[in-house]
$ cat target.txt   # compact mmCIF, C-alpha atoms and all ligand atoms
# COMPACT_ATOMS: atom_id res chain seq x y z
CA THR A 1 7.25 17.65 52.13
CA THR A 2 10.78 18.40 50.96
CA PHE A 3 11.53 14.68 50.90
CA LEU A 4 8.41 14.01 48.78
CA VAL A 5 9.21 16.82 46.30
CA VAL A 6 12.85 15.69 45.91
CA SER A 7 12.02 12.00 45.47
CA GLY A 8 9.14 12.84 43.08
CA THR A 9 11.47 15.01 40.96
CA CYS A 10 14.10 12.26 40.97
CA ALA A 11 11.53 9.70 39.83
CA VAL A 12 10.34 11.92 36.97
CA LEU A 13 13.93 12.65 35.92
CA SER A 14 14.95 8.99 35.94
CA VAL A 15 11.89 7.95 33.91
CA GLY A 16 12.75 10.70 31.41
CA LEU A 17 16.40 9.63 31.34
CA ILE A 18 15.51 5.97 30.73
CA ALA A 19 13.12 6.97 27.91
CA ALA A 20 15.79 9.20 26.34
CA LEU A 21 18.39 6.42 26.52
CA ARG A 22 15.95 3.92 24.99
CA SER A 23 15.16 6.17 22.04
CA TRP A 24 18.84 6.90 21.58
CA GLN A 25 19.60 3.17 21.32
CA ARG A 26 16.73 2.41 18.94
CA PRO A 27 17.40 2.90 15.21
CA VAL A 28 15.54 6.04 14.23
CA ARG A 29 13.49 6.08 11.07
CA ASP A 30 14.37 8.89 8.68
CA PRO A 31 11.12 10.50 7.59
CA THR A 32 12.43 14.05 7.54
CA ALA A 33 13.95 16.10 4.78
CA MET A 34 17.01 16.69 6.99
CA GLY A 35 18.07 13.04 6.75
CA LEU A 36 19.27 10.99 3.79
CA SER A 37 15.90 11.23 2.08
CA GLY A 38 16.38 15.01 1.80
CA LEU A 39 19.36 14.37 -0.48
CA ILE A 40 17.33 12.30 -2.93
CA GLY A 41 15.69 13.94 -5.93
CA ASN A 42 15.52 17.66 -6.78
CA THR A 43 18.51 17.08 -9.03
CA PRO A 44 19.68 19.89 -11.32
CA LEU A 45 19.11 20.01 -15.06
CA VAL A 46 22.24 20.44 -17.16
CA ARG A 47 22.04 22.14 -20.56
CA ILE A 48 24.09 20.01 -22.92
CA ALA A 49 25.71 22.77 -24.94
CA SER A 50 27.34 20.68 -27.67
CA LEU A 51 24.17 18.72 -28.52
CA SER A 52 22.02 21.87 -28.33
CA THR A 53 24.25 23.77 -30.76
CA VAL A 54 24.52 21.01 -33.35
CA THR A 55 20.79 20.08 -33.32
CA ARG A 56 19.63 23.72 -32.97
CA CYS A 57 17.37 22.54 -30.17
CA GLU A 58 17.71 23.01 -26.42
CA ILE A 59 18.82 19.68 -24.97
CA TYR A 60 18.86 19.12 -21.21
CA GLY A 61 19.89 16.19 -19.02
CA LYS A 62 18.43 15.55 -15.57
CA ALA A 63 21.58 14.99 -13.49
CA GLU A 64 20.47 11.88 -11.59
CA MET A 65 24.07 10.84 -10.92
CA LEU A 66 24.04 13.56 -8.24
CA ASN A 67 21.72 11.54 -6.00
CA PRO A 68 23.59 10.29 -2.88
CA GLY A 69 23.65 6.70 -4.16
CA GLY A 70 24.94 7.91 -7.53
CA SER A 71 21.92 7.02 -9.65
CA VAL A 72 18.30 7.61 -10.58
CA LYS A 73 17.38 4.50 -8.56
CA ASP A 74 17.63 6.35 -5.22
CA ARG A 75 14.22 7.85 -5.96
CA VAL A 76 12.71 4.41 -6.50
CA ALA A 77 14.30 2.82 -3.43
CA LEU A 78 13.09 5.68 -1.24
CA ARG A 79 9.53 5.49 -2.55
CA ILE A 80 9.37 1.69 -2.21
CA VAL A 81 10.54 1.89 1.43
CA GLN A 82 8.25 4.84 2.24
CA GLU A 83 5.18 3.10 0.81
CA ALA A 84 6.03 -0.17 2.58
CA PHE A 85 6.29 1.74 5.89
CA ALA A 86 3.06 3.65 5.26
CA SER A 87 1.13 0.45 4.54
CA GLY A 88 2.50 -1.21 7.69
CA ARG A 89 4.19 -4.04 5.73
CA LEU A 90 7.65 -2.81 6.78
CA ALA A 91 8.76 -1.56 10.19
CA ILE A 92 12.01 -0.65 11.92
CA GLY A 93 14.18 -3.77 12.07
CA GLY A 94 12.35 -5.28 9.08
CA LEU A 95 13.95 -6.63 5.93
CA ILE A 96 13.71 -5.38 2.36
CA THR A 97 14.74 -7.80 -0.40
CA GLU A 98 15.51 -7.38 -4.11
CA GLY A 99 17.11 -9.33 -6.91
CA THR A 100 19.34 -7.01 -8.91
CA ALA A 101 22.83 -6.60 -10.30
CA GLY A 102 22.20 -2.92 -10.85
CA SER A 103 21.91 0.41 -9.10
CA THR A 104 18.65 -0.43 -7.32
CA GLY A 105 20.50 -2.69 -4.86
CA ILE A 106 22.92 0.10 -3.94
CA SER A 107 20.07 2.57 -3.44
CA LEU A 108 17.98 0.12 -1.40
CA ALA A 109 20.91 -0.80 0.86
CA MET A 110 21.47 2.88 1.68
CA VAL A 111 17.83 3.83 2.16
CA ALA A 112 17.20 0.71 4.29
CA LYS A 113 19.91 1.82 6.73
CA ALA A 114 18.44 5.32 6.97
CA TYR A 115 15.08 3.75 7.89
CA GLY A 116 16.54 1.33 10.44
CA CYS A 117 15.90 -1.71 8.24
CA ARG A 118 17.97 -4.58 6.91
CA CYS A 119 18.51 -5.26 3.21
CA PHE A 120 18.98 -8.51 1.28
CA ILE A 121 20.22 -8.47 -2.31
CA ALA A 122 20.44 -11.53 -4.55
CA LEU A 123 22.72 -11.02 -7.53
CA PRO A 124 24.06 -13.26 -10.30
CA ASP A 125 27.60 -14.48 -9.66
CA ASP A 126 28.79 -13.11 -13.03
CA ALA A 127 28.08 -9.56 -11.79
CA ALA A 128 31.30 -7.54 -11.28
CA ALA A 129 33.09 -8.23 -7.99
CA GLU A 130 33.05 -4.51 -7.09
CA LYS A 131 29.26 -4.62 -7.01
CA ALA A 132 29.16 -7.33 -4.35
CA GLN A 133 31.90 -5.49 -2.44
CA LEU A 134 30.01 -2.20 -2.56
CA LEU A 135 26.74 -3.80 -1.42
CA THR A 136 28.52 -5.45 1.49
CA ALA A 137 30.17 -2.14 2.44
CA LEU A 138 26.70 -0.57 2.48
CA GLY A 139 25.59 -3.14 5.03
CA ALA A 140 23.46 -5.35 2.76
CA GLU A 141 23.33 -9.11 3.10
CA ILE A 142 24.12 -10.53 -0.31
CA GLN A 143 23.60 -13.91 -1.92
CA ARG A 144 25.29 -14.67 -5.22
CA VAL A 145 23.44 -17.11 -7.45
CA ARG A 146 24.36 -18.72 -10.76
CA PRO A 147 23.02 -16.85 -13.80
CA VAL A 148 19.87 -18.66 -15.00
CA SER A 149 16.76 -17.53 -16.88
CA ILE A 150 13.93 -15.73 -15.06
CA SER A 151 11.70 -18.81 -15.34
CA HIS A 152 14.16 -20.80 -13.18
CA PRO A 153 13.52 -20.85 -9.37
CA ASP A 154 17.19 -19.94 -8.76
CA HIS A 155 17.03 -16.74 -10.78
CA PHE A 156 18.14 -13.86 -8.52
CA VAL A 157 14.71 -12.19 -8.67
CA ASN A 158 13.01 -15.42 -7.56
CA VAL A 159 15.56 -15.93 -4.77
CA ALA A 160 14.79 -12.42 -3.44
CA ARG A 161 11.03 -12.99 -3.69
CA ARG A 162 11.32 -16.30 -1.82
CA ARG A 163 13.49 -14.79 0.89
CA ALA A 164 10.80 -12.18 1.59
CA ALA A 165 8.05 -14.83 1.68
CA GLU A 166 9.97 -16.78 4.32
CA ASP A 167 10.24 -13.86 6.76
CA ASP A 168 7.23 -12.10 8.31
CA SER A 169 9.14 -8.86 8.75
CA ALA A 170 10.25 -8.80 5.10
CA VAL A 171 9.04 -7.00 1.99
CA PHE A 172 10.04 -7.85 -1.60
CA ALA A 173 10.88 -4.53 -3.32
CA ASP A 174 9.87 -5.89 -6.75
CA GLN A 175 11.01 -2.87 -8.79
CA PHE A 176 9.64 -4.26 -12.08
CA GLU A 177 6.05 -4.78 -10.94
CA ASN A 178 5.77 -2.49 -7.89
CA LEU A 179 4.04 0.73 -8.99
CA ALA A 180 5.80 2.67 -6.22
CA ASN A 181 8.54 2.85 -8.88
CA PHE A 182 6.25 4.65 -11.34
CA ARG A 183 4.95 6.92 -8.57
CA ALA A 184 8.52 7.85 -7.58
CA HIS A 185 9.01 9.33 -11.04
CA LEU A 186 5.89 11.49 -11.04
CA SER A 187 8.06 13.93 -9.08
CA THR A 188 10.90 13.56 -11.60
CA GLY A 189 8.45 14.82 -14.23
CA GLU A 190 7.19 17.61 -11.96
CA GLU A 191 10.75 18.75 -11.30
CA ILE A 192 11.50 18.89 -15.05
CA TRP A 193 8.33 20.88 -15.65
CA SER A 194 9.09 23.50 -13.00
CA GLN A 195 12.81 23.72 -13.79
CA LEU A 196 11.95 24.68 -17.38
CA ASP A 197 8.89 26.80 -16.45
CA GLY A 198 6.81 24.49 -18.62
CA ASN A 199 9.01 25.04 -21.69
CA VAL A 200 9.41 21.37 -22.55
CA ASP A 201 8.48 19.92 -25.94
CA ALA A 202 9.85 16.39 -25.66
CA PHE A 203 11.20 13.86 -23.20
CA ILE A 204 13.04 10.67 -24.12
CA CYS A 205 14.74 7.81 -22.25
CA GLY A 206 15.32 4.07 -22.36
CA ALA A 207 13.36 1.64 -20.21
CA GLY A 208 14.42 -1.17 -17.91
CA THR A 209 11.64 -1.50 -15.38
CA GLY A 210 9.83 1.29 -17.27
CA GLY A 211 9.35 3.31 -14.06
CA THR A 212 11.13 6.42 -15.32
CA ILE A 213 9.37 6.73 -18.68
CA ALA A 214 6.01 5.88 -17.10
CA GLY A 215 6.25 8.41 -14.26
CA VAL A 216 7.74 11.24 -16.29
CA SER A 217 5.36 10.75 -19.24
CA SER A 218 2.35 10.74 -16.92
CA SER A 219 3.26 13.92 -15.11
CA LEU A 220 4.35 15.82 -18.21
CA LYS A 221 1.26 14.76 -20.24
CA ARG A 222 -0.93 15.85 -17.34
CA ARG A 223 0.66 19.30 -17.61
CA LYS A 224 0.78 19.51 -21.42
CA ARG A 225 -1.19 16.98 -23.45
CA HIS A 226 0.93 17.29 -26.61
CA VAL A 227 4.34 16.96 -25.02
CA HIS A 228 6.23 14.37 -27.13
CA ILE A 229 7.43 11.24 -25.31
CA GLY A 230 10.07 9.12 -27.03
CA LEU A 231 11.60 5.77 -26.16
CA ILE A 232 15.20 4.88 -27.06
CA ASP A 233 15.75 1.13 -27.16
CA PRO A 234 19.09 -0.74 -27.14
CA PRO A 235 19.93 -3.83 -29.25
CA GLY A 236 18.19 -7.03 -28.13
CA SER A 237 15.27 -5.27 -26.46
CA GLY A 238 11.69 -5.83 -27.61
CA LEU A 239 10.23 -2.48 -26.54
CA TYR A 240 10.82 -0.75 -29.90
CA ASN A 241 8.67 -3.40 -31.57
CA LYS A 242 6.13 -3.19 -28.80
CA VAL A 243 5.71 0.58 -29.27
CA THR A 244 5.85 0.66 -33.07
CA ARG A 245 4.00 -2.58 -33.94
CA GLY A 246 2.17 -3.53 -30.76
CA VAL A 247 4.04 -6.81 -30.19
CA MET A 248 7.50 -7.95 -29.16
CA TYR A 249 8.78 -10.12 -32.00
CA THR A 250 12.26 -10.85 -30.77
CA ARG A 251 14.03 -14.16 -30.42
CA GLN A 252 13.88 -13.94 -26.64
CA GLU A 253 10.14 -13.38 -26.73
CA ALA A 254 9.71 -16.48 -28.83
CA GLU A 255 11.78 -18.42 -26.31
CA GLY A 256 9.36 -17.63 -23.56
CA LYS A 257 9.45 -14.10 -22.19
CA ARG A 258 12.80 -14.21 -20.51
CA LEU A 259 14.81 -11.12 -19.71
CA ARG A 260 17.05 -9.58 -22.34
CA ASN A 261 20.22 -11.54 -22.98
CA PRO A 262 22.93 -9.48 -21.27
CA PHE A 263 25.25 -10.06 -24.21
CA ASP A 264 22.92 -8.35 -26.69
CA THR A 265 24.10 -4.90 -25.69
CA ILE A 266 26.78 -3.09 -23.74
CA THR A 267 24.24 -0.71 -22.15
CA GLU A 268 23.29 -1.66 -18.60
CA GLY A 269 19.88 -1.19 -16.99
CA ILE A 270 17.83 -0.59 -20.13
CA GLY A 271 16.15 -2.96 -22.59
CA ILE A 272 13.75 -5.77 -21.75
CA ASN A 273 11.58 -8.34 -23.48
CA ARG A 274 8.45 -8.27 -21.40
CA GLU A 275 5.94 -5.57 -20.61
CA THR A 276 6.23 -4.78 -16.90
CA ALA A 277 3.42 -3.30 -14.79
CA ASN A 278 5.46 -0.09 -14.62
CA PHE A 279 6.01 0.12 -18.39
CA LYS A 280 2.25 -0.29 -18.93
CA GLN A 281 1.70 3.08 -17.20
CA ALA A 282 3.74 4.91 -19.87
CA THR A 283 2.31 6.93 -22.75
CA ILE A 284 4.79 6.88 -25.63
CA ASP A 285 4.53 8.73 -28.95
CA SER A 286 7.58 7.45 -30.80
CA ALA A 287 10.37 4.89 -30.47
CA PHE A 288 13.94 4.86 -31.76
CA GLN A 289 16.61 2.19 -31.80
CA GLY A 290 20.13 2.97 -30.66
CA THR A 291 23.27 0.93 -31.26
CA ASP A 292 26.11 0.20 -28.86
CA GLN A 293 28.49 2.07 -31.16
CA GLU A 294 26.27 5.17 -30.99
CA ALA A 295 26.23 5.01 -27.18
CA VAL A 296 30.02 4.61 -26.99
CA GLU A 297 30.61 7.49 -29.44
CA MET A 298 28.15 9.65 -27.50
CA ALA A 299 29.90 9.02 -24.18
CA ALA A 300 33.27 9.99 -25.71
CA TYR A 301 31.69 13.02 -27.42
CA LEU A 302 30.11 14.34 -24.21
CA MET A 303 33.34 13.86 -22.28
CA ARG A 304 35.32 15.64 -24.98
CA ASN A 305 32.93 18.55 -25.55
CA ASP A 306 30.98 19.06 -22.33
CA GLY A 307 33.04 17.43 -19.57
CA LEU A 308 30.16 15.05 -18.85
CA PHE A 309 31.32 11.59 -17.74
CA LEU A 310 28.38 9.26 -18.10
CA GLY A 311 27.27 5.67 -17.72
CA SER A 312 25.98 3.58 -20.59
CA SER A 313 22.23 4.13 -20.21
CA ALA A 314 22.77 7.88 -19.81
CA ALA A 315 24.84 7.94 -23.02
CA MET A 316 22.13 5.95 -24.85
CA ASN A 317 19.53 8.40 -23.56
CA CYS A 318 21.55 11.26 -25.09
CA VAL A 319 21.62 9.36 -28.40
CA GLY A 320 17.82 9.29 -28.09
CA ALA A 321 17.71 13.02 -27.34
CA VAL A 322 19.52 13.77 -30.61
CA LYS A 323 17.26 11.41 -32.59
CA VAL A 324 14.07 12.96 -31.25
CA ALA A 325 15.47 16.50 -31.67
CA ARG A 326 16.21 15.74 -35.34
CA ALA A 327 12.76 14.22 -35.82
CA LEU A 328 10.96 17.21 -34.30
CA GLY A 329 13.22 19.85 -35.90
CA PRO A 330 15.09 22.96 -34.66
CA GLY A 331 13.68 25.11 -31.87
CA ASN A 332 12.38 22.31 -29.64
CA THR A 333 13.35 21.74 -26.01
CA VAL A 334 14.22 18.11 -25.33
CA VAL A 335 14.92 16.55 -21.92
CA THR A 336 16.51 13.22 -21.05
CA ILE A 337 17.83 11.43 -17.97
CA LEU A 338 21.50 11.10 -17.00
CA CYS A 339 20.91 7.90 -14.98
CA ASP A 340 24.40 7.52 -13.54
CA GLY A 341 28.01 8.62 -13.98
CA GLY A 342 30.91 6.93 -15.72
CA GLN A 343 32.65 6.05 -12.43
CA ARG A 344 30.46 2.97 -12.05
CA HIS A 345 31.43 1.80 -15.56
CA LEU A 346 35.22 1.95 -15.44
CA SER A 347 35.66 -1.78 -16.03
CA LYS A 348 33.46 -1.94 -19.15
CA PHE A 349 31.65 0.93 -20.87
CA GLN A 350 34.22 3.54 -19.84
CA ASN A 351 37.24 1.26 -20.32
CA PRO A 352 38.99 1.86 -23.70
CA LYS A 353 40.68 -1.57 -23.59
CA TYR A 354 37.38 -3.38 -23.04
CA LEU A 355 35.71 -1.38 -25.81
CA GLN A 356 38.54 -2.25 -28.18
CA GLN A 357 38.15 -5.97 -27.38
CA GLN A 358 34.45 -5.64 -28.18
CA GLY A 359 35.21 -3.86 -31.49
CA LEU A 360 33.50 -0.74 -30.13
CA ALA A 361 36.38 1.71 -29.67
CA PRO A 362 35.20 5.28 -30.44
CA GLN A 363 36.23 6.41 -33.94
CA GLN A 364 35.00 9.99 -34.07
CA SER A 365 36.49 13.26 -32.89
CA GLY A 366 35.37 16.90 -32.95
CA ARG A 367 31.88 18.33 -32.66
CA HIS A 368 29.99 16.56 -35.46
CA LEU A 369 27.21 14.16 -34.67
CA ASP A 370 27.72 12.08 -37.83
CA PHE A 371 27.94 8.92 -35.71
CA ILE A 372 24.21 9.04 -35.04
CA ALA A 373 22.09 7.38 -37.74
N1 LIG B 1 19.86 3.23 -16.14
C1 LIG B 1 20.30 2.50 -15.11
C2 LIG B 1 21.75 2.62 -14.71
C3 LIG B 1 19.44 1.64 -14.43
O1 LIG B 1 19.89 0.90 -13.40
C4 LIG B 1 18.10 1.57 -14.86
C5 LIG B 1 17.13 0.66 -14.13
N2 LIG B 1 17.22 -0.69 -14.43
C6 LIG B 1 17.67 2.34 -15.93
C7 LIG B 1 18.58 3.16 -16.54
C8 LIG B 1 16.27 2.26 -16.47
O2 LIG B 1 15.29 2.95 -15.74
P1 LIG B 1 13.87 2.32 -15.49
O3 LIG B 1 14.07 1.06 -14.70
O4 LIG B 1 13.14 3.36 -14.72
O5 LIG B 1 13.22 2.02 -16.79
$ encode --input "target.txt" --output "structure tokens"
Amino acid sequence: TTFLVVSGTCAVLSVGLIAALRSWQRPVRDPTAMGLSGLIGNTPLVRIASLSTVTRCEIYGKAEMLNPGGSVKDRVALRIVQEAFASGRLAIGGLITEGTAGSTGISLAMVAKAYGCRCFIALPDDAAAEKAQLLTALGAEIQRVRPVSISHPDHFVNVARRRAAEDDSAVFADQFENLANFRAHLSTGEEIWSQLDGNVDAFICGAGTGGTIAGVSSSLKRRKRHVHIGLIDPPGSGLYNKVTRGVMYTRQEAEGKRLRNPFDTITEGIGINRETANFKQATIDSAFQGTDQEAVEMAAYLMRNDGLFLGSSAAMNCVGAVKVARALGPGNTVVTILCDGGQRHLSKFQNPKYLQQQGLAPQQSGRHLDFIA
């Protein structure tokens, strides 16, 4: 009897030990709030004192640069991966692909690792070398392709789409058309609403994929029908025309719906010349145009007066916040998005030498906002 009890116990223990070792070796998916995903979202709101004082409004920025990947795109990457897992299209060991030179690649590479997946990023070979280096450091497989228009099969978005089609375990993230992007930002809107106890009169931001403005406008309008949603659009983008006149008239549109020419503006990540599936979900009340000079002056102004070191789209969003605050008048509470920090822009937007070469060196000083038209 003793022999049977001892050998039975040993057998149970060894089965348990083998199972424990197996699960220890397997990459573990991160569905809990205690893992990386718990660091994404729930970002603080910062009251931008200088802009609030001068406009006599309350102006707030959602500090998205505090996400672990350093940008607003962490929310989108997480939601895309979560939805792909939930639908069974992606599993541990699977591959997620995207074509991007921007923050989405960084966010996807990080989130993929937390979920035990691989990540493939196609990016144009004129993208800054640090970007490729960073993506490689984050464990992504990268492919650099020559910069061609979106209609060309070698465009980085098409390369990423093709790569996913060739591999059964792969999913194309497709941030422009995948509505997981829009859904990720419903919570951005909810956070803004609860952080201000519902005291929000207006929200404004620029649009790249359109996910942010679509998600935030939907959740805020659901809470308060008359909340004002504004769009700030950089040079070369067709969205201002789309919102104000119903069509995109620009040169690029006439040339056949290709993406914004990257040389049209210094701002990165915003501005586009086609209406994406995500942008179509947005409800927008007014649109404003911002110039590169305004964005550059704003970045210098916020550094000087508030200690806020911002990227180009965040600075343009703050230009938009001032424009909508002026349009609505004193006493309103306006919220915008601080998409990323200046650290990621040290070679261009936050580089005085580069700005000088572009004829965009900041001219203003002090606390006036005269630089905004
Ligand atoms: N800022 C940065 C830095 C971005 O990468 C993007 C996304 N392309 C945006 C702003 C625009 O946000 P959305 O794609 O949600 O319109």
$ atom_distance --input "target.txt" --atom1 "atom CA of Glu275 of chain A" --atom2 "atom CA of Asn67 of chain A"
27.5 Å
$ closest_atom_pairs --input "target.txt" --of "chain A" --to "ligand LIG 1 (chain B)" --cutoff "8 Å" --atoms "all atoms listed in the file" --output "Markdown table"
| residue | atom | partner | partner_atom | distance |
| --- | --- | --- | --- | --- |
| A:Ser71 | CA | B:LIG1 | C2 | 6.7 |
| A:Val72 | CA | B:LIG1 | C1 | 7.1 |
| A:Lys73 | CA | B:LIG1 | O1 | 6.5 |
| A:Gly102 | CA | B:LIG1 | O1 | 5.1 |
| A:Ser103 | CA | B:LIG1 | O1 | 4.8 |
| A:Thr104 | CA | B:LIG1 | O1 | 6.3 |
| A:Gln175 | CA | B:LIG1 | O3 | 7.7 |
| A:Phe176 | CA | B:LIG1 | O3 | 7.4 |
| A:Asn181 | CA | B:LIG1 | O4 | 7.5 |
| A:Phe182 | CA | B:LIG1 | O4 | 7.8 |
| A:Gly206 | CA | B:LIG1 | C8 | 6.2 |
| A:Ala207 | CA | B:LIG1 | O5 | 3.4 |
| A:Gly208 | CA | B:LIG1 | O5 | 3.6 |
| A:Thr209 | CA | B:LIG1 | O3 | 3.6 |
| A:Gly210 | CA | B:LIG1 | O5 | 3.5 |
| A:Gly211 | CA | B:LIG1 | O4 | 3.8 |
| A:Thr212 | CA | B:LIG1 | O4 | 3.7 |
| A:Ile213 | CA | B:LIG1 | O5 | 6.4 |
| A:Ala214 | CA | B:LIG1 | O4 | 7.9 |
| A:Glu268 | CA | B:LIG1 | C2 | 6.0 |
| A:Gly269 | CA | B:LIG1 | N2 | 3.7 |
| A:Ile270 | CA | B:LIG1 | C8 | 4.9 |
| A:Phe279 | CA | B:LIG1 | O5 | 7.6 |
| A:Gly311 | CA | B:LIG1 | C2 | 7.0 |
| A:Ser312 | CA | B:LIG1 | C2 | 7.3 |
| A:Ser313 | CA | B:LIG1 | N1 | 4.8 |
| A:Ala314 | CA | B:LIG1 | N1 | 6.6 |
| A:Cys339 | CA | B:LIG1 | N1 | 4.9 |
| A:Asp340 | CA | B:LIG1 | C2 | 5.7 |
$ atom_distance --input "target.txt" --atom1 "atom CA of Gly246 of chain A" --atom2 "atom CA of Asn332 of chain A"
27.8 Å
$ atom_distance --input "target.txt" --atom1 "atom CA of Ala327 of chain A" --atom2 "atom CA of Ile59 of chain A"
13.6 Å
$ residues_near_point --input "target.txt" --point "(25.7, -8.1, 0.1)" --cutoff "10 Å" --atoms "all atoms listed in the file" --output "PyMOL selection string"
chain A and resi 105-106+109+119-123+131-144
$ residues_near_point --input "target.txt" --point "(10.2, -5.1, -29.0)" --cutoff "10 Å" --atoms "only C-alpha atoms" --output "CSV table (one decimal) with C-alpha atoms, in the coordinates of the input"
chain,number,residue,atom,x,y,z
A,233,ASP,CA,15.8,1.1,-27.2
A,235,PRO,CA,19.9,-3.8,-29.2
A,236,GLY,CA,18.2,-7.0,-28.1
A,237,SER,CA,15.3,-5.3,-26.5
A,238,GLY,CA,11.7,-5.8,-27.6
A,239,LEU,CA,10.2,-2.5,-26.5
A,240,TYR,CA,10.8,-0.8,-29.9
A,241,ASN,CA,8.7,-3.4,-31.6
A,242,LYS,CA,6.1,-3.2,-28.8
A,243,VAL,CA,5.7,0.6,-29.3
A,244,THR,CA,5.8,0.7,-33.1
A,245,ARG,CA,4.0,-2.6,-33.9
A,246,GLY,CA,2.2,-3.5,-30.8
A,247,VAL,CA,4.0,-6.8,-30.2
A,248,MET,CA,7.5,-8.0,-29.2
A,249,TYR,CA,8.8,-10.1,-32.0
A,250,THR,CA,12.3,-10.8,-30.8
A,251,ARG,CA,14.0,-14.2,-30.4
A,252,GLN,CA,13.9,-13.9,-26.6
A,253,GLU,CA,10.1,-13.4,-26.7
A,271,GLY,CA,16.2,-3.0,-22.6
A,272,ILE,CA,13.8,-5.8,-21.8
A,273,ASN,CA,11.6,-8.3,-23.5
A,274,ARG,CA,8.4,-8.3,-21.4
A,275,GLU,CA,5.9,-5.6,-20.6
$ closest_residue --input "target.txt" --among "A:Arg326, A:Arg162, A:Lys348, A:His155" --to "Thr267 of chain A" --atoms "all atoms listed in the file"
A:Lys348
$ residues_around --input "target.txt" --residues "Val159 of chain A" --least-positions-apart "2" --cutoff "9 Å" --atoms "only C-alpha atoms" --output "MDAnalysis selection string"
chainID A and resid 98:99 122 143 145 153:157 161:164
$ residues_around --input "target.txt" --residues "Arg344 of chain A" --least-positions-apart "5" --cutoff "9 Å" --atoms "only C-alpha atoms" --output "list in words"
Gly70, Leu310, Gly311 and Gln350 of chain A
$ closest_residue --input "target.txt" --among "A:Ala315, A:Leu186, A:Ile204, A:Leu196" --to "Leu220 of chain A" --atoms "only C-alpha atoms"
A:Leu186
$ closest_residue --input "target.txt" --among "A:Gln364, A:Ser347, A:Thr333, A:Gln357" --to "Ala299 of chain A" --atoms "all atoms listed in the file"
A:Gln364
$ residues_around --input "target.txt" --residues "Ala112 of chain A" --least-positions-apart "4" --cutoff "10 Å" --atoms "only C-alpha atoms" --output "list of chain:residue names"
A:Arg29, A:Asp30, A:Ala77, A:Leu78, A:Val81, A:Ile92, A:Gly93, A:Gly94, A:Leu95, A:Ile96, A:Ser107, A:Leu108, A:Gly116, A:Cys117, A:Arg118, A:Cys119, A:Phe120, A:Leu138, A:Gly139, A:Ala140
$ write_last_selection --input "target.txt" --atoms "C-alpha atoms" --output "compact mmCIF listing (two decimals), in the frame of the given file"
# COMPACT_ATOMS: atom_id res chain seq x y z
CA ARG A 29 13.49 6.08 11.07
CA ASP A 30 14.37 8.89 8.68
CA ALA A 77 14.30 2.82 -3.43
CA LEU A 78 13.09 5.68 -1.24
CA VAL A 81 10.54 1.89 1.43
CA ILE A 92 12.01 -0.65 11.92
CA GLY A 93 14.18 -3.77 12.07
CA GLY A 94 12.35 -5.28 9.08
CA LEU A 95 13.95 -6.63 5.93
CA ILE A 96 13.71 -5.38 2.36
CA SER A 107 20.07 2.57 -3.44
CA LEU A 108 17.98 0.12 -1.40
CA GLY A 116 16.54 1.33 10.44
CA CYS A 117 15.90 -1.71 8.24
CA ARG A 118 17.97 -4.58 6.91
CA CYS A 119 18.51 -5.26 3.21
CA PHE A 120 18.98 -8.51 1.28
CA LEU A 138 26.70 -0.57 2.48
CA GLY A 139 25.59 -3.14 5.03
CA ALA A 140 23.46 -5.35 2.76
$ residues_around --input "target.txt" --residues "Ala202 of chain A" --least-positions-apart "5" --cutoff "8 Å" --atoms "all atoms listed in the file" --output "ChimeraX atom specification"
/A:227-230,324,332-335
$ residues_around --input "target.txt" --residues "Ala373 of chain A" --least-positions-apart "4" --cutoff "9 Å" --atoms "only C-alpha atoms" --output "ChimeraX atom specification"
/A:290,294,323
$ closest_residue --input "target.txt" --among "A:Asp168, A:Asp126, A:Asp201, A:Glu64" --to "Arg89 of chain A" --atoms "all atoms listed in the file"
A:Asp168
$ closest_residue --input "target.txt" --among "A:Leu51, A:Ile266, A:Cys57, A:Leu45" --to "Tyr301 of chain A" --atoms "only C-alpha atoms"
A:Leu51
$ decode --input "target.txt" --residues "segment 122-142 of chain A" --atoms "C-alpha atoms" --output "compact mmCIF listing (two decimals), in the first residue's frame"
# COMPACT_ATOMS: atom_id res chain seq x y z
CA ALA A 122 7.31 47.69 -43.71
CA LEU A 123 8.60 51.25 -43.83
CA PRO A 124 9.84 53.57 -46.57
CA ASP A 125 13.62 53.75 -46.81
CA ASP A 126 13.57 57.55 -46.47
CA ALA A 127 12.21 57.18 -42.91
CA ALA A 128 14.76 58.26 -40.27
CA ALA A 129 17.39 55.63 -39.43
CA GLU A 130 16.51 55.82 -35.71
CA LYS A 131 13.04 54.54 -36.51
CA ALA A 132 14.31 51.35 -38.11
CA GLN A 133 16.80 50.95 -35.24
CA LEU A 134 14.09 51.38 -32.62
CA LEU A 135 11.75 48.90 -34.32
CA THR A 136 14.54 46.35 -34.51
CA ALA A 137 15.37 46.90 -30.83
CA LEU A 138 11.72 46.22 -30.03
CA GLY A 139 11.98 42.85 -31.73
CA ALA A 140 10.09 43.66 -34.95
CA GLU A 141 11.10 42.28 -38.31
CA ILE A 142 11.44 45.24 -40.63
